[in-house]
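Right, one structure below, let's go through it.
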Amino acid sequence: MWFLIYYTLQNNIISGLFVGQNFVLLKEVDSTNNFLKELVSNSKPVIEGTVIMAENQYAGRGQQQNGWFAEPGKNLTFSVLLKPHFLPVTEQFDLVRAVSLGVFDALEPLLGAGLKIKWPNDIYYHDRKLGGMLIENMIQGGQIKNAIIGIGLNINQENFAPGMANPVSVKQILHKDYDLRTILSDICSHIEAWYLKLKAGKIADVRNSYLSRLYWLNEEKTFRTKGQQITGTIKNVCYNGLLVVENNIGEELEFSLKEIEFVH
């Protein structure tokens with residue numbers, strides 16, 4: 001069962017035009033993405049920029065169906081509805097770039113130079129995972145009708161389950177609690193700014209900015225692909241989101257998400 005409290009975030013809380021202006025807080029839900037998908041599947045239209053936040057999300061998901069588990073009331077688990085009709089389906093990875101940049105720019109004033117975007121859309125602080133996102137696009141007639149963007153960030157949690165891979169929280173880094181609504185407001189404002197750049201056709205700016213913030217960019221590192229380890233250097237991300245890695249004999253190889261793994 002969902003327990004709902006409805007809020008509208010006023011302009012003195014969020015300075016943007018639309019992202020976060022329609023805000024729904026859920027006490028508990030399996031997944032904010034699932035909730036938002038059900039909401040948009042109903043006959044009544046849902047406003048672009050609607051944000052669904054859960055105090056407790058007990059079945060969150062990440063890329064490749066990975067679970068995302070967060071301690072209730074201590075982290076940000078929320079979803080945003082965008083309607084990027086202007087974006088060609090072949091270039092839908094640009095939305096991943098824009099949203100990743102929005103989250104990055106909201107957190108960078110707090111965390112500084114250790115913050116990076118790990119391809120495709122995880123947020124890392126040095127070699128530890130601060131959060132991630134899952135973007136689910138609904139395609140209709142060759143067009144992106146709706147984009148459901150689920151974001152999970154470790155903010156005030158200090159203890160993590162043993163099975164979780166290299167997690168870290170803002171509190172562990174800075175040793176103080178942070179107000180979840182304030183960080184959410186900053187994220188909404190920055191996502192909106194990058195989304196509007198994308199909508200205005202500033203594609204090169206979005207792609208170059210994403211690349212410049214990328215974890216392991218131009219560093220010789222170890223990766224695993226097809227069951228074997230290789231040494232390589234991240235050089236680029238293609239327009240369609242494929243990761244470009246130069247191997248130790250100078251070949252540039254392209255990988256999808258399921259084809260390569262970062263080895264720490």
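Naming works like this for the structure tokens: A, B, ... for the chains as they're shown, residue 1 at the start of each chain, ligands 1 onward in shown order.
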
Close residues, range 223-231 of chain A itself excluded, 12 Å, only C-alpha atoms, min 6 positions apart in chain, as a ChimeraX atom specification
/A:216,243,245-251,253-264

Emit the selected residues as a PDB file, in the first residue's frame, including N, CA and C atoms.
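Okay, again.pdb is ready:
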```pdb
ATOM      1  N   TRP A 216      37.663   8.092 -14.664  1.00  0.00           N
ATOM      2  CA  TRP A 216      38.719   7.346 -15.360  1.00  0.00           C
ATOM      3  C   TRP A 216      39.025   7.880 -16.753  1.00  0.00           C
ATOM      4  N   LEU A 243      30.797   3.310 -24.920  1.00  0.00           N
ATOM      5  CA  LEU A 243      32.043   3.754 -24.310  1.00  0.00           C
ATOM      6  C   LEU A 243      33.217   3.405 -25.229  1.00  0.00           C
ATOM      7  N   VAL A 245      37.097   2.846 -25.540  1.00  0.00           N
ATOM      8  CA  VAL A 245      38.294   2.530 -24.765  1.00  0.00           C
ATOM      9  C   VAL A 245      39.426   2.193 -25.724  1.00  0.00           C
ATOM     10  N   GLU A 246      40.557   2.845 -25.542  1.00  0.00           N
ATOM     11  CA  GLU A 246      41.744   2.537 -26.342  1.00  0.00           C
ATOM     12  C   GLU A 246      42.571   1.488 -25.616  1.00  0.00           C
ATOM     13  N   ASN A 247      42.815   0.363 -26.285  1.00  0.00           N
ATOM     14  CA  ASN A 247      43.592  -0.699 -25.638  1.00  0.00           C
ATOM     15  C   ASN A 247      45.086  -0.416 -25.722  1.00  0.00           C
ATOM     16  N   ASN A 248      45.894  -1.333 -25.185  1.00  0.00           N
ATOM     17  CA  ASN A 248      47.332  -1.052 -25.070  1.00  0.00           C
ATOM     18  C   ASN A 248      48.100  -1.195 -26.383  1.00  0.00           C
ATOM     19  N   ILE A 249      47.404  -1.510 -27.472  1.00  0.00           N
ATOM     20  CA  ILE A 249      48.070  -1.485 -28.786  1.00  0.00           C
ATOM     21  C   ILE A 249      47.481  -0.399 -29.677  1.00  0.00           C
ATOM     22  N   GLY A 250      46.732   0.527 -29.046  1.00  0.00           N
ATOM     23  CA  GLY A 250      46.263   1.704 -29.770  1.00  0.00           C
ATOM     24  C   GLY A 250      44.939   1.553 -30.502  1.00  0.00           C
ATOM     25  N   GLU A 251      44.263   0.418 -30.342  1.00  0.00           N
ATOM     26  CA  GLU A 251      42.952   0.238 -30.986  1.00  0.00           C
ATOM     27  C   GLU A 251      41.856   0.882 -30.144  1.00  0.00           C
ATOM     28  N   LEU A 253      38.138   0.673 -29.070  1.00  0.00           N
ATOM     29  CA  LEU A 253      37.068  -0.304 -29.027  1.00  0.00           C
ATOM     30  C   LEU A 253      35.828   0.339 -28.429  1.00  0.00           C
ATOM     31  N   GLU A 254      34.654  -0.061 -28.921  1.00  0.00           N
ATOM     32  CA  GLU A 254      33.393   0.480 -28.425  1.00  0.00           C
ATOM     33  C   GLU A 254      32.638  -0.590 -27.648  1.00  0.00           C
ATOM     34  N   PHE A 255      32.075  -0.183 -26.493  1.00  0.00           N
ATOM     35  CA  PHE A 255      31.398  -1.132 -25.619  1.00  0.00           C
ATOM     36  C   PHE A 255      30.036  -0.595 -25.190  1.00  0.00           C
ATOM     37  N   SER A 256      29.061  -1.505 -25.130  1.00  0.00           N
ATOM     38  CA  SER A 256      27.785  -1.183 -24.500  1.00  0.00           C
ATOM     39  C   SER A 256      27.886  -1.532 -23.021  1.00  0.00           C
ATOM     40  N   LEU A 257      26.839  -1.212 -22.275  1.00  0.00           N
ATOM     41  CA  LEU A 257      26.866  -1.400 -20.824  1.00  0.00           C
ATOM     42  C   LEU A 257      27.130  -2.850 -20.425  1.00  0.00           C
ATOM     43  N   LYS A 258      26.582  -3.789 -21.151  1.00  0.00           N
ATOM     44  CA  LYS A 258      26.692  -5.198 -20.780  1.00  0.00           C
ATOM     45  C   LYS A 258      28.017  -5.821 -21.231  1.00  0.00           C
ATOM     46  N   GLU A 259      28.831  -5.066 -21.962  1.00  0.00           N
ATOM     47  CA  GLU A 259      30.016  -5.655 -22.572  1.00  0.00           C
ATOM     48  C   GLU A 259      31.319  -5.339 -21.840  1.00  0.00           C
ATOM     49  N   ILE A 260      31.273  -4.435 -20.857  1.00  0.00           N
ATOM     50  CA  ILE A 260      32.514  -4.041 -20.182  1.00  0.00           C
ATOM     51  C   ILE A 260      32.266  -3.773 -18.710  1.00  0.00           C
ATOM     52  N   GLU A 261      33.257  -4.096 -17.895  1.00  0.00           N
ATOM     53  CA  GLU A 261      33.164  -3.899 -16.458  1.00  0.00           C
ATOM     54  C   GLU A 261      34.425  -3.219 -15.947  1.00  0.00           C
ATOM     55  N   PHE A 262      34.261  -2.255 -15.067  1.00  0.00           N
ATOM     56  CA  PHE A 262      35.405  -1.567 -14.462  1.00  0.00           C
ATOM     57  C   PHE A 262      35.973  -2.468 -13.364  1.00  0.00           C
ATOM     58  N   VAL A 263      37.287  -2.670 -13.344  1.00  0.00           N
ATOM     59  CA  VAL A 263      37.925  -3.515 -12.332  1.00  0.00           C
ATOM     60  C   VAL A 263      38.674  -2.612 -11.355  1.00  0.00           C
ATOM     61  N   HIS A 264      38.272  -2.682 -10.088  1.00  0.00           N
ATOM     62  CA  HIS A 264      38.895  -1.839  -9.055  1.00  0.00           C
ATOM     63  C   HIS A 264      39.970  -2.629  -8.328  1.00  0.00           C
TER      64      HIS A 264
END
```

Based on DSSP run over this structure's backbone, return all residues of range 35-255 of chain A in strand (DSSP E), as a count of residues only.
75

Go through range 6-249 of chain A and collect every residue that DSSP, computed from the backbone, puts in alpha helix (DSSP H); the answer should be as a PyMOL selection string.
chain A and resi 32-41+93-111+170-174+180-199+203-212

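Among the candidates A:Ile148, A:Ala113, A:Leu26, A:Leu184, the one nearest to Ser79 in chain A when counting only C-alpha atoms is A:Ile148.
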
Distance table requested - range 154-236 of chain A against range 130-133 of chain A, cut-off 9 Å, only C-alpha atoms: one row per qualifying residue with the closest atom pair and its distance in Å to one decimal, ordered by chain and rising residue number, as CSV.
```
residue,atom,partner,partner_atom,distance
A:Asn154,CA,A:Leu130,CA,5.6
A:Ile155,CA,A:Leu130,CA,8.1
A:Asn166,CA,A:Leu130,CA,8.9
A:Pro167,CA,A:Leu130,CA,6.1
A:Val168,CA,A:Leu130,CA,5.2
A:Ser169,CA,A:Leu130,CA,5.7
A:Val170,CA,A:Leu130,CA,7.5
```

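Computed from the coordinates, the CA of Lys145 in chain A to CA of His85 in chain A distance equals 6.0 Å.
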
Please, what distance in Å, to one decimal, runs between CA of Lys197 in chain A and CA of Gly102 in chain A?
11.2 Å
